[in-house]
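Shown below: start20.pdb, with PDB, C-alpha atoms, pLDDT in the B column.
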```
ATOM      1  CA  THR A  10      97.805 218.019 125.748  1.00 58.00           C
ATOM      2  CA  PRO A  11      97.943 220.473 122.862  1.00 64.00           C
ATOM      3  CA  ALA A  12      97.605 217.686 120.265  1.00 65.00           C
ATOM      4  CA  VAL A  13      95.877 214.612 121.754  1.00 65.00           C
ATOM      5  CA  GLU A  14      93.754 213.335 124.636  1.00 73.00           C
ATOM      6  CA  VAL A  15      96.074 211.510 127.051  1.00 76.00           C
ATOM      7  CA  VAL A  16      95.300 208.651 129.436  1.00 81.00           C
ATOM      8  CA  MET A  17      96.241 210.678 132.512  1.00 80.00           C
ATOM      9  CA  CYS A  18      97.411 214.240 133.111  1.00 79.00           C
ATOM     10  CA  GLY A  19      98.856 214.761 136.595  1.00 80.00           C
ATOM     11  CA  HIS A  20      99.308 218.529 136.514  1.00 78.00           C
ATOM     12  CA  ALA A  21      95.781 219.141 135.228  1.00 86.00           C
ATOM     13  CA  THR A  22      94.412 216.900 137.988  1.00 89.00           C
ATOM     14  CA  LEU A  23      96.477 218.743 140.589  1.00 88.00           C
ATOM     15  CA  ALA A  24      95.318 222.120 139.266  1.00 92.00           C
ATOM     16  CA  SER A  25      91.676 220.983 139.303  1.00 94.00           C
ATOM     17  CA  GLY A  26      92.120 219.696 142.846  1.00 94.00           C
ATOM     18  CA  HIS A  27      93.640 223.013 143.895  1.00 95.00           C
ATOM     19  CA  PHE A  28      90.637 224.870 142.474  1.00 95.00           C
ATOM     20  CA  VAL A  29      88.109 222.654 144.265  1.00 96.00           C
ATOM     21  CA  LEU A  30      89.987 222.635 147.590  1.00 96.00           C
ATOM     22  CA  SER A  31      90.590 226.407 147.453  1.00 94.00           C
ATOM     23  CA  SER A  32      86.853 226.920 146.917  1.00 95.00           C
ATOM     24  CA  ASP A  33      85.917 224.877 150.007  1.00 95.00           C
ATOM     25  CA  PRO A  34      88.278 225.303 153.010  1.00 92.00           C
ATOM     26  CA  ASP A  35      86.479 222.528 154.929  1.00 94.00           C
ATOM     27  CA  ARG A  36      87.141 219.914 152.255  1.00 96.00           C
ATOM     28  CA  GLU A  37      90.342 217.872 152.789  1.00 96.00           C
ATOM     29  CA  ARG A  38      90.371 215.873 149.556  1.00 97.00           C
ATOM     30  CA  VAL A  39      88.733 215.573 146.182  1.00 96.00           C
ATOM     31  CA  ARG A  40      88.501 212.518 143.935  1.00 96.00           C
ATOM     32  CA  PHE A  41      88.286 212.480 140.149  1.00 93.00           C
ATOM     33  CA  ARG A  42      86.946 209.465 138.254  1.00 91.00           C
ATOM     34  CA  THR A  43      88.630 209.035 134.904  1.00 85.00           C
ATOM     35  CA  ARG A  44      87.858 206.805 131.946  1.00 82.00           C
ATOM     36  CA  LYS A  45      91.254 205.147 131.698  1.00 82.00           C
ATOM     37  CA  ALA A  46      93.314 205.944 134.813  1.00 85.00           C
ATOM     38  CA  GLY A  47      90.758 205.044 137.478  1.00 86.00           C
ATOM     39  CA  THR A  48      90.230 207.317 140.471  1.00 91.00           C
ATOM     40  CA  LEU A  49      92.770 210.090 141.090  1.00 90.00           C
ATOM     41  CA  GLU A  50      92.812 211.966 144.384  1.00 93.00           C
ATOM     42  CA  VAL A  51      94.167 215.353 145.456  1.00 92.00           C
ATOM     43  CA  ALA A  52      94.435 215.919 149.220  1.00 95.00           C
ATOM     44  CA  ARG A  53      95.687 218.678 151.465  1.00 95.00           C
ATOM     45  CA  ALA A  54      99.121 217.952 152.939  1.00 93.00           C
ATOM     46  CA  GLY A  55     100.215 220.765 155.230  1.00 89.00           C
ATOM     47  CA  GLY A  56     100.754 223.805 153.040  1.00 88.00           C
ATOM     48  CA  SER A  57     100.759 221.805 149.805  1.00 91.00           C
ATOM     49  CA  TYR A  58      98.949 218.901 148.151  1.00 93.00           C
ATOM     50  CA  GLU A  59      99.359 215.194 147.619  1.00 93.00           C
ATOM     51  CA  LEU A  60      98.346 213.674 144.311  1.00 92.00           C
ATOM     52  CA  ALA A  61      97.440 209.967 144.436  1.00 93.00           C
ATOM     53  CA  LEU A  62      98.015 208.253 141.097  1.00 93.00           C
ATOM     54  CA  PRO A  63      97.777 204.588 140.089  1.00 93.00           C
ATOM     55  CA  ALA A  64     100.917 202.459 140.298  1.00 95.00           C
ATOM     56  CA  TRP A  65     101.547 201.312 136.735  1.00 95.00           C
ATOM     57  CA  VAL A  66     104.309 198.700 136.761  1.00 97.00           C
ATOM     58  CA  PRO A  67     106.313 198.674 133.513  1.00 98.00           C
ATOM     59  CA  SER A  68     107.711 195.495 131.964  1.00 98.00           C
ATOM     60  CA  PRO A  69     111.049 194.975 130.209  1.00 98.00           C
ATOM     61  CA  LYS A  70     110.868 195.507 126.467  1.00 98.00           C
ATOM     62  CA  PRO A  71     113.499 196.375 123.835  1.00 98.00           C
ATOM     63  CA  LEU A  72     112.887 199.948 122.606  1.00 98.00           C
ATOM     64  CA  PRO A  73     115.616 200.586 120.009  1.00 97.00           C
ATOM     65  CA  ASP A  74     113.763 203.408 118.211  1.00 97.00           C
ATOM     66  CA  ILE A  75     113.283 205.313 121.467  1.00 98.00           C
ATOM     67  CA  ILE A  76     116.928 204.785 122.460  1.00 98.00           C
ATOM     68  CA  ALA A  77     117.974 206.186 119.063  1.00 97.00           C
ATOM     69  CA  GLY A  78     115.495 209.084 119.397  1.00 98.00           C
ATOM     70  CA  LEU A  79     117.044 210.013 122.748  1.00 98.00           C
ATOM     71  CA  GLY A  80     120.431 210.218 121.024  1.00 97.00           C
ATOM     72  CA  ILE A  81     122.056 207.475 123.108  1.00 97.00           C
ATOM     73  CA  ASN A  82     123.574 204.108 122.251  1.00 95.00           C
ATOM     74  CA  SER A  83     122.302 202.032 125.149  1.00 96.00           C
ATOM     75  CA  ALA A  84     120.490 202.031 128.483  1.00 98.00           C
ATOM     76  CA  VAL A  85     120.676 200.065 131.699  1.00 98.00           C
ATOM     77  CA  GLU A  86     117.072 198.940 131.143  1.00 98.00           C
ATOM     78  CA  THR A  87     114.186 199.714 128.805  1.00 98.00           C
ATOM     79  CA  LEU A  88     110.647 199.128 130.046  1.00 98.00           C
ATOM     80  CA  TRP A  89     107.148 199.658 128.684  1.00 98.00           C
ATOM     81  CA  HIS A  90     103.666 200.163 130.090  1.00 97.00           C
ATOM     82  CA  GLU A  91     100.601 199.465 127.951  1.00 96.00           C
ATOM     83  CA  HIS A  92      99.289 203.026 128.339  1.00 94.00           C
ATOM     84  CA  ARG A  93     102.202 204.014 126.047  1.00 95.00           C
ATOM     85  CA  TYR A  94     104.822 204.907 128.617  1.00 97.00           C
ATOM     86  CA  ALA A  95     108.475 204.082 127.902  1.00 98.00           C
ATOM     87  CA  LEU A  96     110.824 204.044 130.912  1.00 98.00           C
ATOM     88  CA  ILE A  97     114.474 204.325 129.908  1.00 98.00           C
ATOM     89  CA  VAL A  98     116.866 203.746 132.813  1.00 98.00           C
ATOM     90  CA  LEU A  99     120.328 205.304 132.504  1.00 98.00           C
ATOM     91  CA  GLU A 100     123.387 204.955 134.743  1.00 98.00           C
ATOM     92  CA  THR A 101     123.840 208.521 135.985  1.00 98.00           C
ATOM     93  CA  ALA A 102     122.032 211.777 136.613  1.00 98.00           C
ATOM     94  CA  ASP A 103     124.514 213.511 134.298  1.00 98.00           C
ATOM     95  CA  GLN A 104     123.419 211.265 131.421  1.00 98.00           C
ATOM     96  CA  VAL A 105     119.777 212.251 132.009  1.00 98.00           C
ATOM     97  CA  ARG A 106     120.664 215.961 132.083  1.00 98.00           C
ATOM     98  CA  ALA A 107     122.821 215.690 128.936  1.00 98.00           C
ATOM     99  CA  LEU A 108     120.113 214.155 126.722  1.00 98.00           C
ATOM    100  CA  THR A 109     119.482 215.993 123.458  1.00 97.00           C
ATOM    101  CA  PRO A 110     116.541 214.090 121.977  1.00 98.00           C
ATOM    102  CA  ASP A 111     115.567 214.100 118.340  1.00 98.00           C
ATOM    103  CA  PHE A 112     111.959 215.185 118.903  1.00 98.00           C
ATOM    104  CA  ARG A 113     110.921 214.303 115.337  1.00 97.00           C
ATOM    105  CA  ALA A 114     112.200 210.770 115.801  1.00 97.00           C
ATOM    106  CA  LEU A 115     110.406 210.422 119.139  1.00 97.00           C
ATOM    107  CA  ALA A 116     107.193 211.888 117.661  1.00 96.00           C
ATOM    108  CA  ALA A 117     107.286 209.267 114.905  1.00 95.00           C
ATOM    109  CA  GLY A 118     106.319 206.742 117.602  1.00 93.00           C
ATOM    110  CA  GLY A 119     103.001 208.548 118.053  1.00 90.00           C
ATOM    111  CA  ASP A 120     101.371 209.538 121.307  1.00 90.00           C
ATOM    112  CA  LEU A 121     103.695 208.116 123.935  1.00 94.00           C
ATOM    113  CA  LEU A 122     105.533 209.434 126.962  1.00 96.00           C
ATOM    114  CA  THR A 123     109.245 208.702 127.086  1.00 98.00           C
ATOM    115  CA  ILE A 124     110.719 208.895 130.591  1.00 98.00           C
ATOM    116  CA  ALA A 125     114.501 208.923 130.990  1.00 98.00           C
ATOM    117  CA  THR A 126     115.581 208.233 134.573  1.00 98.00           C
ATOM    118  CA  ALA A 127     118.614 207.385 136.699  1.00 98.00           C
ATOM    119  CA  PRO A 128     119.759 207.473 140.305  1.00 98.00           C
ATOM    120  CA  GLY A 129     119.899 211.107 141.367  1.00 98.00           C
ATOM    121  CA  ASP A 130     122.775 213.048 142.834  1.00 96.00           C
ATOM    122  CA  ASP A 131     120.928 215.396 145.228  1.00 96.00           C
ATOM    123  CA  THR A 132     117.670 213.378 145.188  1.00 98.00           C
ATOM    124  CA  ASP A 133     117.116 209.631 145.106  1.00 98.00           C
ATOM    125  CA  ILE A 134     116.142 209.670 141.428  1.00 98.00           C
ATOM    126  CA  ILE A 135     116.186 212.069 138.508  1.00 98.00           C
ATOM    127  CA  SER A 136     114.109 212.074 135.344  1.00 98.00           C
ATOM    128  CA  ARG A 137     113.087 213.918 132.204  1.00 98.00           C
ATOM    129  CA  ALA A 138     109.903 213.313 130.213  1.00 98.00           C
ATOM    130  CA  PHE A 139     109.303 213.781 126.489  1.00 97.00           C
ATOM    131  CA  ALA A 140     105.994 213.613 124.585  1.00 95.00           C
ATOM    132  CA  PRO A 141     106.514 215.286 121.182  1.00 95.00           C
ATOM    133  CA  GLY A 142     103.858 213.040 119.589  1.00 92.00           C
ATOM    134  CA  GLY A 143     101.388 214.645 122.004  1.00 89.00           C
ATOM    135  CA  GLY A 144     102.589 218.156 121.231  1.00 90.00           C
ATOM    136  CA  ILE A 145     104.972 218.549 124.192  1.00 92.00           C
ATOM    137  CA  ASP A 146     108.672 218.186 123.430  1.00 96.00           C
ATOM    138  CA  GLU A 147     109.681 218.152 127.115  1.00 97.00           C
ATOM    139  CA  ASP A 148     107.202 218.287 129.973  1.00 94.00           C
ATOM    140  CA  PRO A 149     108.366 220.421 132.929  1.00 94.00           C
ATOM    141  CA  VAL A 150     107.145 218.121 135.745  1.00 93.00           C
ATOM    142  CA  THR A 151     105.088 215.076 134.892  1.00 92.00           C
ATOM    143  CA  GLY A 152     102.841 213.425 137.463  1.00 90.00           C
ATOM    144  CA  SER A 153     101.838 210.565 135.183  1.00 92.00           C
ATOM    145  CA  ALA A 154     105.491 209.708 134.477  1.00 96.00           C
ATOM    146  CA  HIS A 155     105.878 209.009 138.169  1.00 96.00           C
ATOM    147  CA  ALA A 156     102.915 206.599 138.085  1.00 95.00           C
ATOM    148  CA  VAL A 157     105.297 204.405 136.047  1.00 97.00           C
ATOM    149  CA  ALA A 158     108.659 205.401 137.572  1.00 98.00           C
ATOM    150  CA  VAL A 159     107.680 205.067 141.256  1.00 98.00           C
ATOM    151  CA  PRO A 160     106.858 201.318 141.177  1.00 98.00           C
ATOM    152  CA  TYR A 161     110.117 200.655 139.319  1.00 98.00           C
ATOM    153  CA  TRP A 162     112.275 202.728 141.689  1.00 98.00           C
ATOM    154  CA  ALA A 163     110.541 201.525 144.864  1.00 98.00           C
ATOM    155  CA  LYS A 164     111.527 197.978 143.949  1.00 98.00           C
ATOM    156  CA  ARG A 165     115.036 198.914 142.856  1.00 98.00           C
ATOM    157  CA  LEU A 166     115.712 201.123 145.906  1.00 98.00           C
ATOM    158  CA  GLY A 167     114.084 198.636 148.269  1.00 98.00           C
ATOM    159  CA  ARG A 168     111.841 201.243 149.894  1.00 98.00           C
ATOM    160  CA  ASP A 169     108.453 202.813 149.369  1.00 97.00           C
ATOM    161  CA  GLN A 170     109.406 206.495 149.884  1.00 98.00           C
ATOM    162  CA  PHE A 171     112.018 208.559 148.096  1.00 98.00           C
ATOM    163  CA  THR A 172     112.727 211.940 146.539  1.00 98.00           C
ATOM    164  CA  ALA A 173     112.764 212.796 142.849  1.00 98.00           C
ATOM    165  CA  TYR A 174     113.831 215.676 140.640  1.00 98.00           C
ATOM    166  CA  GLN A 175     112.559 216.238 137.103  1.00 98.00           C
ATOM    167  CA  ALA A 176     115.409 218.010 135.339  1.00 98.00           C
ATOM    168  CA  SER A 177     113.518 220.034 132.718  1.00 97.00           C
ATOM    169  CA  ALA A 178     114.385 223.683 132.078  1.00 95.00           C
ATOM    170  CA  ARG A 179     111.875 224.647 134.799  1.00 95.00           C
ATOM    171  CA  GLY A 180     112.551 221.602 136.965  1.00 96.00           C
ATOM    172  CA  GLY A 181     110.593 220.281 139.884  1.00 95.00           C
ATOM    173  CA  TYR A 182     111.072 218.324 143.088  1.00 96.00           C
ATOM    174  CA  LEU A 183     108.697 215.543 144.117  1.00 95.00           C
ATOM    175  CA  ASP A 184     108.279 213.431 147.227  1.00 95.00           C
ATOM    176  CA  CYS A 185     107.241 209.976 146.039  1.00 97.00           C
ATOM    177  CA  ARG A 186     105.545 207.180 147.946  1.00 97.00           C
ATOM    178  CA  LEU A 187     104.314 203.810 146.751  1.00 97.00           C
ATOM    179  CA  ASP A 188     101.183 203.181 148.789  1.00 93.00           C
ATOM    180  CA  GLY A 189      99.798 199.729 148.057  1.00 79.00           C
TER     181      GLY A 189
END
```

Written as structure tokens, that's how I'd like the structure from this file.
Amino acid sequence: TPAVEVVMCGHATLASGHFVLSSDPDRERVRFRTRKAGTLEVARAGGSYELALPAWVPSPKPLPDIIAGLGINSAVETLWHEHRYALIVLETADQVRALTPDFRALAAGGDLLTIATAPGDDTDIISRAFAPGGGIDEDPVTGSAHAVAVPYWAKRLGRDQFTAYQASARGGYLDCRLDG
């Protein structure tokens, strides 16, 4: 990120995979060994790519400072993963879209990724991701956020495949699958 070294960066891994796979049309996949996130893999998938990330299961934890920094009074659930990922579950997609975070307040927590999520309206889930302590107020589409959100939503939805939309200004659609 612009300010700190992060545990995992999905879009940089995807971009690196694109470069390697574009340079060698016979190669179907490329693996990257990382210090903290294990092995990440980018593979061809039709006309696009699949990015395999670890499944980081978050645990319930009260996060009152993050709730306040998001400018909300409460959440359905607040969860935490040790790699400094906060998963804040809201009731509706409209609540996720309407968030107006206090980026200074969120940055006071240091280098952490705050993921606000809810059931989607035109996708199964919706999210937004904020990392002002890492120099990114709102990330457009965050692969690593889904390493935490996918295990949570797979259990809650009762299925291993679903669609997601990250509702940043740019926005992005993702097909998610929990694979093992």

Take the PyMOL selection byres ((chain A and resi 52) around 6), run it mentally on this structure, and tell me the resulting residues as an NGL selection string.
:A and (37-38 or 51 or 53 or 58-59)

Go ahead and write the selection's residues with C-alpha atoms as a PDB file, in the frame of the given file.
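Result written to selection.pdb:
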```pdb
ATOM      1  CA  GLU A  37      90.342 217.872 152.789  1.00 96.00           C
ATOM      2  CA  ARG A  38      90.371 215.873 149.556  1.00 97.00           C
ATOM      3  CA  VAL A  51      94.167 215.353 145.456  1.00 92.00           C
ATOM      4  CA  ARG A  53      95.687 218.678 151.465  1.00 95.00           C
ATOM      5  CA  TYR A  58      98.949 218.901 148.151  1.00 93.00           C
ATOM      6  CA  GLU A  59      99.359 215.194 147.619  1.00 93.00           C
TER       7      GLU A  59
END
```

Starting from the PyMOL selection byres ((chain A and resi 29-32) around 12), expand the selection into actual residues of this file and give them as a PDB file with C-alpha atoms, in the frame of the given file.
```
ATOM      1  CA  THR A  22      94.412 216.900 137.988  1.00 89.00           C
ATOM      2  CA  LEU A  23      96.477 218.743 140.589  1.00 88.00           C
ATOM      3  CA  ALA A  24      95.318 222.120 139.266  1.00 92.00           C
ATOM      4  CA  SER A  25      91.676 220.983 139.303  1.00 94.00           C
ATOM      5  CA  GLY A  26      92.120 219.696 142.846  1.00 94.00           C
ATOM      6  CA  HIS A  27      93.640 223.013 143.895  1.00 95.00           C
ATOM      7  CA  PHE A  28      90.637 224.870 142.474  1.00 95.00           C
ATOM      8  CA  ASP A  33      85.917 224.877 150.007  1.00 95.00           C
ATOM      9  CA  PRO A  34      88.278 225.303 153.010  1.00 92.00           C
ATOM     10  CA  ASP A  35      86.479 222.528 154.929  1.00 94.00           C
ATOM     11  CA  ARG A  36      87.141 219.914 152.255  1.00 96.00           C
ATOM     12  CA  GLU A  37      90.342 217.872 152.789  1.00 96.00           C
ATOM     13  CA  ARG A  38      90.371 215.873 149.556  1.00 97.00           C
ATOM     14  CA  VAL A  39      88.733 215.573 146.182  1.00 96.00           C
ATOM     15  CA  ARG A  40      88.501 212.518 143.935  1.00 96.00           C
ATOM     16  CA  PHE A  41      88.286 212.480 140.149  1.00 93.00           C
ATOM     17  CA  GLU A  50      92.812 211.966 144.384  1.00 93.00           C
ATOM     18  CA  VAL A  51      94.167 215.353 145.456  1.00 92.00           C
ATOM     19  CA  ALA A  52      94.435 215.919 149.220  1.00 95.00           C
ATOM     20  CA  ARG A  53      95.687 218.678 151.465  1.00 95.00           C
ATOM     21  CA  ALA A  54      99.121 217.952 152.939  1.00 93.00           C
ATOM     22  CA  GLY A  56     100.754 223.805 153.040  1.00 88.00           C
ATOM     23  CA  SER A  57     100.759 221.805 149.805  1.00 91.00           C
ATOM     24  CA  TYR A  58      98.949 218.901 148.151  1.00 93.00           C
ATOM     25  CA  GLU A  59      99.359 215.194 147.619  1.00 93.00           C
TER      26      GLU A  59
END
```

Residues around (107.3, 198.7, 132.2), cut-off 9 Å, counting only C-alpha atoms - what are they as a CSV table (one decimal) with C-alpha atoms, in the coordinates of the input?
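Wrote out-v4.csv, looks like this:
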```
chain,number,residue,atom,x,y,z
A,65,TRP,CA,101.5,201.3,136.7
A,66,VAL,CA,104.3,198.7,136.8
A,67,PRO,CA,106.3,198.7,133.5
A,68,SER,CA,107.7,195.5,132.0
A,69,PRO,CA,111.0,195.0,130.2
A,70,LYS,CA,110.9,195.5,126.5
A,87,THR,CA,114.2,199.7,128.8
A,88,LEU,CA,110.6,199.1,130.0
A,89,TRP,CA,107.1,199.7,128.7
A,90,HIS,CA,103.7,200.2,130.1
A,91,GLU,CA,100.6,199.5,128.0
A,94,TYR,CA,104.8,204.9,128.6
A,95,ALA,CA,108.5,204.1,127.9
A,96,LEU,CA,110.8,204.0,130.9
A,157,VAL,CA,105.3,204.4,136.0
A,158,ALA,CA,108.7,205.4,137.6
A,161,TYR,CA,110.1,200.7,139.3
```

CA of Thr101 in chain A and CA of Asp131 in chain A, how far apart in Å?
11.9 Å

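Atom pair CA of Arg165 in chain A / CA of Asn82 in chain A: separated by 22.9 Å.
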
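For the file shown, the residue list from the PyMOL selection byres ((chain A and resi 108) around 8) reads Leu79, Gly80, Ile81, Gln104, Val105, Arg106, Ala107, Thr109 and Pro110 of chain A.
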
Would you save the residues from that selection as a PDB file, in the frame of the given file, using C-alpha atoms?
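Saved to selection.pdb:
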```pdb
ATOM      1  CA  LEU A  79     117.044 210.013 122.748  1.00 98.00           C
ATOM      2  CA  GLY A  80     120.431 210.218 121.024  1.00 97.00           C
ATOM      3  CA  ILE A  81     122.056 207.475 123.108  1.00 97.00           C
ATOM      4  CA  GLN A 104     123.419 211.265 131.421  1.00 98.00           C
ATOM      5  CA  VAL A 105     119.777 212.251 132.009  1.00 98.00           C
ATOM      6  CA  ARG A 106     120.664 215.961 132.083  1.00 98.00           C
ATOM      7  CA  ALA A 107     122.821 215.690 128.936  1.00 98.00           C
ATOM      8  CA  THR A 109     119.482 215.993 123.458  1.00 97.00           C
ATOM      9  CA  PRO A 110     116.541 214.090 121.977  1.00 98.00           C
TER      10      PRO A 110
END
```
